[in-house]
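**Student:** Below is target.tsv; it holds TSV, C-alpha atoms.
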```tsv
chain	number	residue	atom	x	y	z
A	244	MET	CA	82.62	-22.84	52.21
A	245	PRO	CA	79.30	-22.66	53.58
A	246	GLU	CA	79.30	-19.10	52.32
A	247	GLU	CA	80.15	-20.23	48.80
A	248	LYS	CA	77.27	-22.64	48.89
A	249	LYS	CA	75.16	-19.83	50.06
A	250	ASN	CA	76.25	-17.59	47.16
A	251	ASP	CA	75.74	-20.42	44.71
A	252	ALA	CA	72.29	-20.99	46.10
A	253	GLU	CA	71.51	-17.27	45.82
A	254	GLN	CA	72.78	-17.20	42.27
A	255	GLN	CA	70.68	-20.19	41.42
A	256	GLU	CA	67.69	-18.52	43.02
A	257	HIS	CA	68.29	-15.26	41.16
A	258	GLY	CA	68.95	-17.13	37.99
A	259	THR	CA	65.76	-19.01	38.50
A	260	GLU	CA	63.88	-15.77	39.11
A	261	GLU	CA	65.31	-14.28	35.94
A	262	GLU	CA	64.40	-17.42	34.03
A	263	VAL	CA	60.88	-17.22	35.49
A	264	VAL	CA	60.61	-13.57	34.42
A	265	ASP	CA	61.94	-14.49	30.97
A	266	ASN	CA	59.52	-17.43	30.77
A	267	ARG	CA	56.64	-15.16	31.80
A	268	SER	CA	57.49	-12.56	29.19
A	269	GLU	CA	57.76	-15.28	26.55
A	270	GLU	CA	54.43	-16.67	27.67
A	271	GLN	CA	52.94	-13.16	27.63
A	272	THR	CA	54.29	-12.61	24.11
A	273	ASP	CA	52.82	-15.94	23.02
A	274	VAL	CA	49.47	-14.99	24.57
A	275	ASP	CA	49.56	-11.56	22.91
A	276	GLU	CA	50.36	-13.12	19.53
A	277	THR	CA	47.57	-15.66	19.95
A	278	VAL	CA	45.10	-12.91	20.91
A	279	GLN	CA	46.20	-10.86	17.92
A	280	GLU	CA	45.85	-13.85	15.57
A	281	GLU	CA	42.42	-14.62	16.96
A	282	ALA	CA	41.42	-10.96	16.62
A	283	GLU	CA	42.49	-11.05	12.97
A	284	VAL	CA	40.16	-14.03	12.49
A	285	VAL	CA	37.31	-12.65	14.63
A	286	HIS	CA	37.08	-9.13	13.11
A	287	PRO	CA	36.29	-10.32	9.57
A	288	LEU	CA	33.79	-12.83	11.00
A	289	GLU	CA	32.13	-10.08	13.02
A	290	ALA	CA	31.91	-7.93	9.88
A	291	GLU	CA	30.37	-10.85	7.97
A	292	LEU	CA	27.89	-11.43	10.79
A	293	LYS	CA	26.90	-7.75	10.81
A	294	GLU	CA	26.45	-7.82	7.03
A	295	ALA	CA	24.38	-11.01	7.24
A	296	ASN	CA	22.19	-9.47	9.97
A	297	ASP	CA	21.69	-6.35	7.83
A	298	ARG	CA	20.71	-8.48	4.81
A	299	LEU	CA	18.34	-10.48	7.01
A	300	ALA	CA	16.71	-7.28	8.32
A	301	ARG	CA	16.30	-5.95	4.75
A	302	THR	CA	14.88	-9.28	3.60
A	303	ARG	CA	12.40	-9.29	6.47
A	304	ALA	CA	11.35	-5.73	5.65
A	305	ASP	CA	10.97	-6.62	1.95
A	306	TYR	CA	8.90	-9.67	2.86
A	307	ASP	CA	6.68	-7.64	5.22
A	308	ASN	CA	6.17	-5.02	2.48
A	309	PHE	CA	5.35	-7.77	-0.03
A	310	ARG	CA	2.78	-9.30	2.33
A	311	ARG	CA	1.21	-5.88	3.00
A	312	ARG	CA	1.04	-5.02	-0.73
A	313	THR	CA	-0.41	-8.43	-1.56
A	314	LYS	CA	-3.06	-8.03	1.14
A	315	GLU	CA	-3.97	-4.54	-0.11
A	316	GLU	CA	-4.17	-5.76	-3.71
A	317	ARG	CA	-6.37	-8.67	-2.67
A	318	GLU	CA	-8.67	-6.34	-0.71
A	319	ALA	CA	-8.87	-3.91	-3.64
A	320	GLN	CA	-9.57	-6.78	-6.00
A	321	LEU	CA	-12.43	-7.97	-3.79
A	322	LYS	CA	-13.68	-4.43	-3.25
A	323	TYR	CA	-13.93	-3.67	-6.97
A	324	LYS	CA	-14.59	-7.20	-8.28
A	325	SER	CA	-17.87	-6.20	-9.91
A	326	GLN	CA	-16.56	-3.09	-11.66
A	327	ALA	CA	-16.23	-4.65	-15.12
A	328	LEU	CA	-19.79	-6.02	-14.99
A	329	ILE	CA	-21.16	-2.70	-13.76
A	330	GLU	CA	-19.39	-0.77	-16.53
A	331	THR	CA	-20.96	-3.13	-19.05
A	332	LEU	CA	-24.44	-2.68	-17.55
A	333	LEU	CA	-24.41	1.14	-17.41
A	334	PRO	CA	-25.25	1.74	-21.12
A	335	ALA	CA	-28.15	-0.73	-20.83
A	336	LEU	CA	-29.33	1.09	-17.70
A	337	ASP	CA	-29.16	4.40	-19.61
A	338	ASN	CA	-31.33	2.94	-22.39
A	339	PHE	CA	-33.74	1.60	-19.78
A	340	GLU	CA	-34.11	5.10	-18.31
A	341	ARG	CA	-34.70	6.61	-21.76
A	342	ALA	CA	-37.41	4.04	-22.39
A	343	LEU	CA	-39.03	4.87	-19.04
A	344	ALA	CA	-39.12	8.57	-19.97
A	345	VAL	CA	-41.66	7.87	-22.74
A	346	ASN	CA	-45.28	8.81	-21.99
A	347	PRO	CA	-47.53	5.83	-22.79
A	348	GLU	CA	-50.65	6.58	-24.79
A	349	ASN	CA	-52.76	3.51	-24.15
A	350	GLU	CA	-53.44	1.21	-21.20
A	351	GLU	CA	-51.39	-1.67	-22.59
A	352	ALA	CA	-48.31	0.54	-22.90
A	353	LYS	CA	-48.84	1.79	-19.32
A	354	GLN	CA	-48.82	-1.78	-17.99
A	355	LEU	CA	-45.67	-2.55	-19.98
A	356	LEU	CA	-44.07	0.59	-18.56
A	357	GLN	CA	-44.94	-0.50	-15.00
A	358	GLY	CA	-43.22	-3.84	-15.59
A	359	MET	CA	-40.16	-2.04	-16.96
A	360	GLU	CA	-40.10	0.24	-13.90
A	361	MET	CA	-40.09	-2.83	-11.63
A	362	VAL	CA	-37.17	-4.37	-13.53
A	363	HIS	CA	-35.38	-1.00	-13.50
A	364	ARG	CA	-35.80	-0.74	-9.72
A	365	GLN	CA	-34.44	-4.27	-9.27
A	366	ILE	CA	-31.35	-3.45	-11.33
A	367	GLU	CA	-30.81	-0.23	-9.35
A	368	ASP	CA	-31.18	-2.15	-6.05
A	369	ALA	CA	-28.70	-4.79	-7.21
A	370	LEU	CA	-26.20	-2.09	-8.17
A	371	GLN	CA	-26.76	-0.32	-4.87
A	372	ASN	CA	-26.10	-3.57	-2.98
A	373	GLU	CA	-22.75	-3.79	-4.78
A	374	GLY	CA	-21.85	-0.29	-3.58
A	375	VAL	CA	-22.78	1.67	-6.71
A	376	THR	CA	-24.10	5.18	-6.14
A	377	VAL	CA	-25.23	7.90	-8.53
A	378	ILE	CA	-23.03	10.99	-8.49
A	379	PRO	CA	-25.16	14.03	-7.52
A	380	THR	CA	-25.18	16.79	-10.14
A	381	LYS	CA	-27.99	19.30	-10.59
A	382	GLY	CA	-27.42	22.34	-8.37
A	383	GLU	CA	-24.01	21.04	-7.19
A	384	THR	CA	-20.72	22.85	-7.71
A	385	PHE	CA	-18.73	21.45	-10.62
A	386	ASP	CA	-15.98	19.05	-9.48
A	387	PRO	CA	-13.71	17.63	-12.21
A	388	HIS	CA	-13.13	14.52	-10.08
A	389	TYR	CA	-16.80	13.57	-10.49
A	390	HIS	CA	-18.17	15.62	-13.39
A	391	GLN	CA	-17.32	16.09	-17.04
A	392	ALA	CA	-18.41	19.47	-18.38
A	393	VAL	CA	-19.62	19.10	-21.96
A	394	MET	CA	-21.40	22.45	-22.20
A	395	GLN	CA	-21.09	25.85	-20.63
A	396	VAL	CA	-24.17	28.06	-20.48
A	397	GLU	CA	-25.26	31.30	-18.89
A	398	GLU	CA	-28.53	30.88	-17.00
A	399	GLU	CA	-30.25	33.01	-14.41
A	400	GLY	CA	-30.63	31.60	-10.92
A	401	PHE	CA	-27.37	29.62	-10.96
A	402	GLU	CA	-24.02	30.67	-9.56
A	403	SER	CA	-20.82	30.54	-11.53
A	404	ASN	CA	-19.40	27.00	-11.81
A	405	GLN	CA	-22.72	25.48	-10.68
A	406	ILE	CA	-24.20	22.52	-12.56
A	407	VAL	CA	-27.31	23.51	-14.52
A	408	ASP	CA	-28.31	20.17	-16.03
A	409	GLU	CA	-27.23	16.54	-16.23
A	410	LEU	CA	-26.85	15.01	-19.70
A	411	GLN	CA	-25.72	11.56	-18.54
A	412	LYS	CA	-25.62	10.07	-15.05
A	413	GLY	CA	-22.30	9.38	-13.42
A	414	TYR	CA	-21.66	6.44	-11.13
A	415	GLN	CA	-19.30	5.68	-8.32
A	416	LEU	CA	-18.37	2.19	-7.05
A	417	LYS	CA	-17.63	2.59	-3.35
A	418	ASP	CA	-14.97	5.33	-3.45
A	419	ARG	CA	-13.94	4.96	-7.12
A	420	VAL	CA	-15.58	6.90	-9.96
A	421	ILE	CA	-16.46	4.44	-12.72
A	422	ARG	CA	-18.17	6.98	-14.97
A	423	HIS	CA	-18.14	10.77	-14.69
A	424	SER	CA	-21.43	12.66	-14.93
A	425	MET	CA	-21.78	14.62	-18.17
A	426	VAL	CA	-23.11	18.03	-17.22
A	427	LYS	CA	-23.90	21.57	-18.33
A	428	VAL	CA	-22.13	24.16	-16.19
A	429	ASN	CA	-23.06	27.78	-15.62
A	430	SER	CA	-20.23	30.12	-16.54
```
Rewrite the structure of this file - the entire thing - as structure tokens.

**Tutor:**
Amino acid sequence: MPEEKKNDAEQQEHGTEEEVVDNRSEEQTDVDETVQEEAEVVHPLEAELKEANDRLARTRADYDNFRRRTKEEREAQLKYKSQALIETLLPALDNFERALAVNPENEEAKQLLQGMEMVHRQIEDALQNEGVTVIPTKGETFDPHYHQAVMQVEEEGFESNQIVDELQKGYQLKDRVIRHSMVKVNS
């Protein structure tokens, strides 16, 4: 009988081993199912996170672009703040120059002309301090970015497409043309 007990004990041991193997495979299946369920939850969340990060990156880029554009607009606004005033003053300056071109006949008119020249110089200095410059013309090559050709003539001593005469001064505020020079061009 001791052998029967021994066989029973072996059977119980083997049965226990089989049960352990069965329990392990059940546990493994449970773990696999849990991992799969969690993966089904995690993958959509990862996709949402990636999408949110992409939106955040685009929003940051848009904001940086907005800040840069705003800064550039502010700088341009400051750079050209006096343009409207200068454009209004240019016709008066033209009339001033026409008045200065008159030859005075008597001493009183000469003194008046000297006073006008002083005022004219002050206006030119003020414009120059704001960054206004006169566009060079006579003897220069015609450039449609700076000059407006109102006449075409044929004169000796000038090359083709060279400016012969200036009819009205052109002005530039810093790097922006605010009025083109009206010129005669040699053909």

**Student:** May I ask for the distance between CA of Glu315 in chain A and CA of Leu416 in chain A, given in Å to one decimal place?

**Tutor:**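 If I compute the distance from CA of Glu315 in chain A to CA of Leu416 in chain A, I get 17.3 Å.
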
**Student:** Would you please work out which residue, of A:Leu343, A:Ala392, A:Ile378, A:Leu299, is nearest to Met361 in chain A when using only C-alpha atoms?

**Tutor:**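 When distances to Met361 in chain A are compared using only C-alpha atoms, the smallest one comes from A:Leu343.
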
**Student:** Which distance in Å separates CA of Met394 in chain A and CA of Asn429 in chain A, to one decimal?

**Tutor:**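 Computing the Euclidean distance for CA of Met394 in chain A and CA of Asn429 in chain A yields 8.6 Å.
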
**Student:** If I take CA of Asp305 in chain A and CA of Pro287 in chain A, how far is one from the other in Å, to one decimal?

**Tutor:**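 Separating CA of Asp305 in chain A from CA of Pro287 in chain A is a distance of 26.7 Å.
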
**Student:** Go through A:Thr384, A:Gln354, A:Gln279, A:Ser424 and flag the residue nearest Phe401 in chain A, using all atoms listed in the file for the distances.

**Tutor:**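 Once distances to Phe401 in chain A are computed over all atoms listed in the file, the minimum belongs to A:Thr384.
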
**Student:** Using only C-alpha atoms, determine which residues lie at most 9 Å from Gln411 in chain A, disregarding the query and same-chain residues fewer than 5 positions distant; provide the list as a list of chain:residue names.

**Tutor:**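 Returned residues: A:Asp337, A:His423, A:Ser424, A:Met425, A:Val426.
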
**Student:** Calculated over all atoms listed in the file, which of the candidates A:Asp275, A:Ala342, A:Ala369, A:Thr302 has the smallest distance to Gln357 in chain A?

**Tutor:** A:Ala342

**Student:** Write out as a list in words each polymer residue whose atoms come within 9 Å of range 318-329 of chain A, counting only C-alpha atoms; drop sequence neighbours fewer than 5 positions from it.

**Tutor:**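 The neighbour list is Thr313, Leu370, Glu373, Val375, Leu416, Lys417, Arg419 and Ile421 of chain A.
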
**Student:** Which residue gives the smallest distance to Val393 in chain A among A:Lys427, A:Arg422, A:Arg312, A:Arg301, with all atoms listed in the file counted?

**Tutor:**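 That would be A:Lys427, the residue with the smallest distance to Val393 in chain A.
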
**Student:** Using only C-alpha atoms, determine which residues lie at most 12 Å from Leu356 in chain A, disregarding the query and same-chain residues fewer than 3 positions distant; provide the list as a VMD selection string.

**Tutor:** chain A and resid 339 to 353 359 to 363
